Structures are given as structure tokens and as C-alpha cells.
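K.L.:
Structure file upload.tsv (TSV, C-alpha atoms) is given on the next line.
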```
chain	number	residue	atom	x	y	z
A	4	MET	CA	112.11	91.84	113.76
A	5	SER	CA	110.25	89.23	115.78
A	6	ALA	CA	110.82	87.46	119.08
A	7	ASP	CA	112.07	84.39	117.16
A	8	SER	CA	115.74	83.49	117.46
A	9	ARG	CA	118.22	84.02	114.66
A	10	PHE	CA	118.24	80.22	114.22
A	11	THR	CA	114.50	80.14	113.52
A	12	HIS	CA	114.90	83.08	111.11
A	13	LYS	CA	117.49	81.12	109.16
A	14	ILE	CA	115.29	78.07	108.76
A	15	TRP	CA	112.18	80.13	107.90
A	16	GLN	CA	114.16	81.92	105.23
A	17	GLU	CA	115.45	78.68	103.75
A	18	GLU	CA	112.30	76.58	104.07
A	19	GLU	CA	109.57	79.04	103.16
A	20	LEU	CA	110.61	82.57	102.24
A	21	ALA	CA	113.07	81.44	99.57
A	22	LYS	CA	110.14	79.62	97.92
A	23	MET	CA	108.03	82.78	97.83
A	24	VAL	CA	110.77	85.15	96.70
A	25	LYS	CA	113.86	84.11	94.73
A	26	GLY	CA	116.80	84.19	97.09
A	27	GLY	CA	114.59	84.83	100.12
A	28	VAL	CA	113.97	88.24	101.66
A	29	PRO	CA	116.97	90.52	101.03
A	30	PHE	CA	116.86	92.23	104.44
A	31	PRO	CA	118.41	91.46	107.82
A	32	MET	CA	116.07	89.43	110.05
A	33	LEU	CA	116.46	90.69	113.61
A	34	THR	CA	115.74	89.04	116.95
A	35	ASP	CA	113.82	90.80	119.69
A	36	ALA	CA	114.51	88.37	122.51
A	37	GLY	CA	112.05	88.84	125.37
A	38	GLY	CA	110.32	91.66	123.49
A	39	ARG	CA	112.72	94.17	125.04
A	40	ILE	CA	112.99	96.26	121.86
A	41	GLY	CA	109.25	95.89	121.11
A	42	LYS	CA	108.50	97.27	124.59
A	43	VAL	CA	110.50	100.42	123.88
A	44	TYR	CA	108.67	100.80	120.53
A	45	GLY	CA	105.27	100.15	122.11
A	46	VAL	CA	104.50	97.02	120.08
A	47	TYR	CA	105.17	94.19	122.51
A	48	ASP	CA	102.11	92.13	123.55
A	49	GLU	CA	102.94	90.98	127.11
A	50	ASP	CA	100.19	88.32	127.22
A	51	ALA	CA	101.13	86.68	123.93
A	52	GLY	CA	104.88	87.17	124.31
A	53	VAL	CA	105.22	88.46	120.75
A	54	ASP	CA	105.57	91.75	118.92
A	55	ILE	CA	102.44	92.87	117.06
A	56	ARG	CA	102.52	94.16	113.48
A	57	GLY	CA	104.31	97.50	113.89
A	58	ARG	CA	106.23	99.30	111.16
A	59	PHE	CA	108.39	102.40	111.68
A	60	LEU	CA	109.81	104.64	108.95
A	61	ILE	CA	113.07	106.26	110.14
A	62	ASP	CA	114.85	109.04	108.23
A	63	PRO	CA	118.62	109.37	107.66
A	64	ASP	CA	118.90	111.50	110.84
A	65	GLY	CA	117.41	108.66	112.88
A	66	VAL	CA	114.06	110.41	113.45
A	67	ILE	CA	110.84	108.38	113.24
A	68	GLN	CA	108.73	109.97	110.48
A	69	ALA	CA	105.84	107.51	110.39
A	70	MET	CA	104.50	104.42	112.11
A	71	GLU	CA	101.72	101.97	111.45
A	72	VAL	CA	100.72	99.46	114.11
A	73	MET	CA	98.08	96.75	113.61
A	74	THR	CA	96.95	93.67	115.48
A	75	PRO	CA	98.34	90.51	113.85
A	76	PRO	CA	95.43	89.24	111.71
A	77	VAL	CA	95.73	92.04	109.13
A	78	GLY	CA	98.79	92.22	106.89
A	79	ARG	CA	100.54	95.34	105.70
A	80	ASN	CA	100.04	97.10	102.37
A	81	PHE	CA	103.49	97.74	100.98
A	82	ALA	CA	102.21	100.08	98.27
A	83	GLU	CA	101.34	102.50	101.08
A	84	LEU	CA	104.78	102.14	102.66
A	85	VAL	CA	106.46	102.89	99.32
A	86	ARG	CA	104.15	105.89	98.83
A	87	GLN	CA	105.07	107.22	102.27
A	88	ILE	CA	108.79	106.76	101.64
A	89	GLN	CA	108.47	108.67	98.36
A	90	ALA	CA	106.48	111.44	100.09
A	91	PHE	CA	108.88	111.82	103.03
A	92	GLN	CA	111.89	111.78	100.70
A	93	LEU	CA	110.31	114.52	98.59
A	94	VAL	CA	109.57	116.63	101.68
A	95	ARG	CA	113.10	116.12	103.00
A	96	LYS	CA	114.67	117.03	99.64
A	97	SER	CA	112.62	120.24	99.50
A	98	LYS	CA	113.87	121.12	103.02
A	99	GLY	CA	110.28	121.63	104.13
A	100	ALA	CA	109.30	123.93	101.25
A	101	GLU	CA	106.88	121.32	99.98
A	102	ALA	CA	104.28	119.12	101.65
A	103	THR	CA	102.23	116.28	100.16
A	104	PRO	CA	98.44	116.67	100.48
A	105	ALA	CA	95.97	113.87	101.24
A	106	GLY	CA	95.82	111.29	98.46
A	107	TRP	CA	99.20	112.29	97.06
A	108	VAL	CA	101.00	109.84	94.82
A	109	PRO	CA	104.14	110.60	92.78
A	110	GLY	CA	103.28	112.84	89.83
A	111	LYS	CA	100.47	114.65	91.66
A	112	PRO	CA	100.93	118.27	92.72
A	113	THR	CA	102.44	119.06	96.10
A	114	LEU	CA	101.54	121.98	98.36
A	115	LYS	CA	103.86	124.85	99.14
A	116	PRO	CA	102.81	125.93	102.63
A	117	GLY	CA	103.09	129.64	103.38
A	118	PRO	CA	100.98	132.74	104.11
A	119	GLU	CA	99.81	132.95	100.46
A	120	LEU	CA	98.22	129.51	100.71
A	121	VAL	CA	96.12	130.32	103.79
A	122	GLY	CA	92.47	129.89	102.82
A	123	LYS	CA	93.53	129.11	99.24
A	124	VAL	CA	94.16	125.36	99.41
A	125	TRP	CA	90.80	124.80	97.67
A	126	LYS	CA	92.32	126.43	94.56
A	127	VAL	CA	95.14	123.92	94.28
A	128	TRP	CA	93.75	120.68	95.75
A	129	LYS	CA	90.45	118.83	95.45
A	130	PRO	CA	89.32	115.94	97.65
A	131	VAL	CA	88.94	112.60	95.93
A	132	THR	CA	86.31	110.02	96.84
A	133	VAL	CA	87.68	106.56	97.54
B	6	MET	CA	129.41	96.42	106.65
B	7	ALA	CA	131.41	93.58	108.23
B	8	LYS	CA	131.01	90.19	106.61
B	9	ALA	CA	128.54	87.97	108.48
B	10	GLN	CA	130.19	85.19	110.43
B	11	ASP	CA	128.92	81.68	110.93
B	12	GLY	CA	128.81	80.00	114.29
B	13	CYS	CA	127.68	81.23	117.65
B	14	VAL	CA	127.42	84.96	118.23
B	15	LYS	CA	126.64	86.21	121.72
B	16	PRO	CA	123.02	87.40	121.61
B	17	ALA	CA	122.73	91.17	121.70
B	18	GLY	CA	121.33	93.04	124.72
B	19	GLY	CA	118.39	94.84	123.13
B	20	PRO	CA	117.55	98.50	123.71
B	21	ILE	CA	120.49	100.86	124.15
B	22	GLN	CA	119.29	102.97	127.06
B	23	THR	CA	119.89	106.64	127.50
B	24	LYS	CA	119.71	107.86	131.11
B	25	VAL	CA	116.23	108.09	132.64
B	26	PRO	CA	115.05	111.73	132.64
B	27	PRO	CA	114.69	113.23	136.15
B	28	ALA	CA	110.96	113.86	135.60
B	29	ALA	CA	110.23	110.11	135.27
B	30	PRO	CA	107.67	108.92	137.86
B	31	GLU	CA	108.99	106.74	140.70
B	32	ALA	CA	107.20	103.67	139.34
B	33	GLU	CA	109.18	103.75	136.10
B	34	ARG	CA	112.50	104.09	137.86
B	35	ASN	CA	111.79	101.22	140.23
B	36	GLY	CA	110.65	99.01	137.35
B	37	GLU	CA	112.69	97.59	134.49
B	38	GLY	CA	113.35	100.97	132.89
B	39	THR	CA	112.03	99.80	129.51
B	40	ALA	CA	109.07	102.20	129.24
B	41	MET	CA	107.91	102.99	125.71
B	42	THR	CA	110.02	105.82	124.34
B	43	ALA	CA	109.39	105.64	120.56
B	44	GLN	CA	107.46	108.64	119.25
B	45	VAL	CA	106.82	109.85	115.73
B	46	GLY	CA	108.83	113.01	115.21
B	47	LYS	CA	111.45	112.04	117.79
B	48	PRO	CA	114.71	110.11	117.40
B	49	ALA	CA	114.14	106.36	117.13
B	50	PRO	CA	115.38	104.53	120.25
B	51	ASP	CA	118.66	102.80	119.46
B	52	PHE	CA	119.04	99.07	120.00
B	53	GLU	CA	121.33	96.18	119.26
B	54	ALA	CA	119.78	92.92	118.04
B	55	SER	CA	121.22	89.60	116.94
B	56	ALA	CA	120.30	88.92	113.33
B	57	PHE	CA	120.37	86.43	110.50
B	58	THR	CA	121.65	88.30	107.47
B	59	ASP	CA	123.73	87.56	104.35
B	60	GLY	CA	123.54	83.86	105.20
B	61	GLY	CA	125.14	84.24	108.61
B	62	PHE	CA	124.71	85.61	112.12
B	63	ARG	CA	125.71	89.11	113.15
B	64	ASN	CA	124.65	91.72	115.71
B	65	ILE	CA	123.09	94.83	114.22
B	66	LYS	CA	122.54	98.26	115.76
B	67	LEU	CA	119.97	100.76	114.51
B	68	SER	CA	122.69	103.43	114.65
B	69	ASP	CA	124.67	101.41	112.04
B	70	TYR	CA	122.12	102.75	109.54
B	71	LYS	CA	122.50	106.47	110.32
B	72	GLY	CA	122.52	108.34	107.01
B	73	ARG	CA	120.08	105.93	105.35
B	74	TRP	CA	116.29	105.54	105.37
B	75	VAL	CA	115.19	102.57	107.48
B	76	THR	CA	111.94	100.64	107.57
B	77	LEU	CA	111.73	98.70	110.83
B	78	CYS	CA	109.06	95.99	110.73
B	79	PHE	CA	107.92	94.04	113.78
B	80	TYR	CA	105.87	90.91	113.32
B	81	PRO	CA	104.52	88.19	115.65
B	82	GLY	CA	106.32	85.08	114.43
B	83	ASP	CA	108.11	83.05	111.82
B	84	PHE	CA	106.11	80.22	110.27
B	85	THR	CA	102.82	82.03	110.99
B	86	PHE	CA	100.28	83.00	108.43
B	87	VAL	CA	99.64	86.61	107.53
```
Could you write out this file's structure as C-alpha cells?
P.N.:
Amino acid sequence: MSADSRFTHKIWQEEELAKMVKGGVPFPMLTDAGGRIGKVYGVYDEDAGVDIRGRFLIDPDGVIQAMEVMTPPVGRNFAELVRQIQAFQLVRKSKGAEATPAGWVPGKPTLKPGPELVGKVWKVWKPVTV
Amino acid sequence: MAKAQDGCVKPAGGPIQTKVPPAAPEAERNGEGTAMTAQVGKPAPDFEASAFTDGGFRNIKLSDYKGRWVTLCFYPGDFTFV
């Protein structure tokens, strides 16, 4: 979603995006005219008249589970978005029985929060240097 | 979902407002009423936006996607660089 009109989205898709990705981006391109939606999401820059680089992950119940907001010069890292989606889907599927610790990627152990784990996390998880 | 139509579609209104809570300060009520309401852990504010999708123009609501995971990405502008 950007403040650009649906007409500009169409031409950007055809003239540039379709040359980067076959068929263009396969998602709806929304218009936030006047930044009204960006204001409600806290990402509208009044001085510039544009939305900054905000990304919200919303679950099937409509609840925001994660957000990442950056100023425009730095682009997103989609590997992190995919990792978060996988983590939140795992947590949701477990109905809260499992949580994903820091540095979790699919295949790594999850945590099972409960009284038995209090003071014992060091037994099941080790920090990793980046 | 409905097939996208070509041609002019009336632009959508934007945020779908719920009523302002009574505790809101006077300044917010006298202003536009579009204070930031999105919070992690809370329901995402609903909206309706005009969109280019499936090769045509259509209005889309966030609530259309209830039951599915949604990634909502804001960005500054088409034809820019990052």
C-alpha cells in the first residue's frame, strides 16, 4: 500500500515490476489516498506526504501479531518475514503450548512454557553469536 | 473474490472507523478522528482501499481477508528505488 493511485500502480506493475518478476507481483496493490490508512497504522509521514516502510503481520482472527517499521532508505528482509510467519503459525497451531525462542528457525527446538521450565531454559536453549 | 472490473471505480474512503472511546482527550475528538489505533496484539484497524489487482481495479477491505494470514506492507512510492 502506498499513497500512489491505482492508475500509477498499474503502470508501475507493467513497466517495471513485471520485468523484475515474471507476471509482476502477485498481490493486490492498494491505494492509501491522503495517507488516511497510514495515519491509523502510525506510518504516515505528514511532511513528506507518503507512508514510510511499515509492515504488519495479521493473523486469521484479524489481530496484529508483529510489525516492523523503518525509514525509507532501508529495504525489508523477506527471509525474516517468512521466518516470523512460520513462527507465529507454529505458535497458533500449538494453541499457545509452544513458543519460539530467540534465533529460532524451522527445525530448531521450540520452548514449552510452564512452571517446569522456570529457571531451566538454560538446559534447553543456548544463545548463538551472530 | 469478485472478478476485478476495468474502468472507473469510486475511490474507497480509507479507515473504517469504530466509535471514539469516551476516554479520548478533547483534542482528538475535535480533530480529524484519525489518531493512530494500530497496536501489536490488538485487532488491526479495518479499512477499505481502492486497488489494482488481477489486472483491474477493485476496492478491497481488510476484513475481506478474515480467516487468512495477511502481510500488510506500506511503502513510500512507486517508481522509487529501495
K.L.:
Output as a tab-separated table one row per residue of chain B within 8 Å of chain A: the closest atom pair and its distance in Å to one decimal place, counting all atoms listed in the file, sorted by chain and residue number ascending.
P.N.:
```
residue	atom	partner	partner_atom	distance
B:Gly19	CA	A:Ile40	CA	5.7
B:Pro20	CA	A:Ile40	CA	5.4
B:Thr39	CA	A:Val43	CA	5.9
B:Ala40	CA	A:Val43	CA	5.8
B:Met41	CA	A:Val43	CA	4.1
B:Thr42	CA	A:Val43	CA	5.4
B:Ala43	CA	A:Tyr44	CA	4.9
B:Gln44	CA	A:Ile67	CA	6.9
B:Val45	CA	A:Ile67	CA	5.0
B:Gly46	CA	A:Ile67	CA	5.4
B:Lys47	CA	A:Val66	CA	5.3
B:Pro48	CA	A:Val66	CA	4.0
B:Ala49	CA	A:Val66	CA	5.5
B:Pro50	CA	A:Val43	CA	7.3
B:Phe52	CA	A:Ile40	CA	6.9
B:Ala54	CA	A:Thr34	CA	5.7
B:Ser55	CA	A:Thr34	CA	5.5
B:Ala56	CA	A:Leu33	CA	4.2
B:Phe57	CA	A:Met32	CA	5.3
B:Thr58	CA	A:Pro31	CA	4.5
B:Asp59	CA	A:Pro31	CA	7.5
B:Gly60	CA	A:Lys13	CA	7.7
B:Phe62	CA	A:Arg9	CA	7.1
B:Ile65	CA	A:Leu33	CA	7.8
B:Ser68	CA	A:Gly65	CA	7.6
B:Tyr70	CA	A:Pro63	CA	7.7
B:Lys71	CA	A:Pro63	CA	5.5
B:Gly72	CA	A:Pro63	CA	4.1
B:Arg73	CA	A:Pro63	CA	4.4
B:Trp74	CA	A:Asp62	CA	4.7
B:Val75	CA	A:Ile61	CA	5.0
B:Thr76	CA	A:Leu60	CA	4.7
B:Leu77	CA	A:Phe59	CA	5.1
B:Cys78	CA	A:Arg58	CA	4.4
B:Phe79	CA	A:Met4	CA	4.7
B:Tyr80	CA	A:Arg56	CA	4.7
B:Pro81	CA	A:Asp54	CA	4.9
B:Gly82	CA	A:Ser5	CA	5.9
B:Asp83	CA	A:Trp15	CA	6.4
B:Phe84	CA	A:Trp15	CA	6.5
B:Val87	CA	A:Gly78	CA	5.7
```
K.L.:
What residues have an atom no more than 10 Å from (103.4, 107.9, 92.6) in the file's own frame, counting all atoms listed in the file, and can you write them as JSON, numbers by chain?
P.N.:
{"A": [82, 85, 86, 87, 89, 90, 107, 108, 109, 110, 111]}
K.L.:
For range 98-100 of chain A, work out the shell of residues within 9 Å, counting all atoms listed in the file and skipping chain neighbours fewer than 3 positions away, then give it as a list in words.
P.N.:
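Contacts, in chain order: Leu93, Val94, Arg95, Leu114, Lys115, Pro116 and Gly117 of chain A.
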K.L.:
When you draw a straight line from CA of Asp51 in chain B to CA of Ala17 in chain B, how long is it in Å?
P.N.:
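It comes out at 12.5 Å.
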K.L.:
As an exercise, work out the distance from CA of Leu120 in chain A to CA of Gly106 in chain A in Å and give it to one decimal place.
P.N.:
18.5 Å
K.L.:
Report the distance between CA of Val127 in chain A and CA of Pro112 in chain A in Å, rounded to one decimal place.
P.N.:
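Pair CA of Val127 in chain A / CA of Pro112 in chain A returns 8.2 Å.
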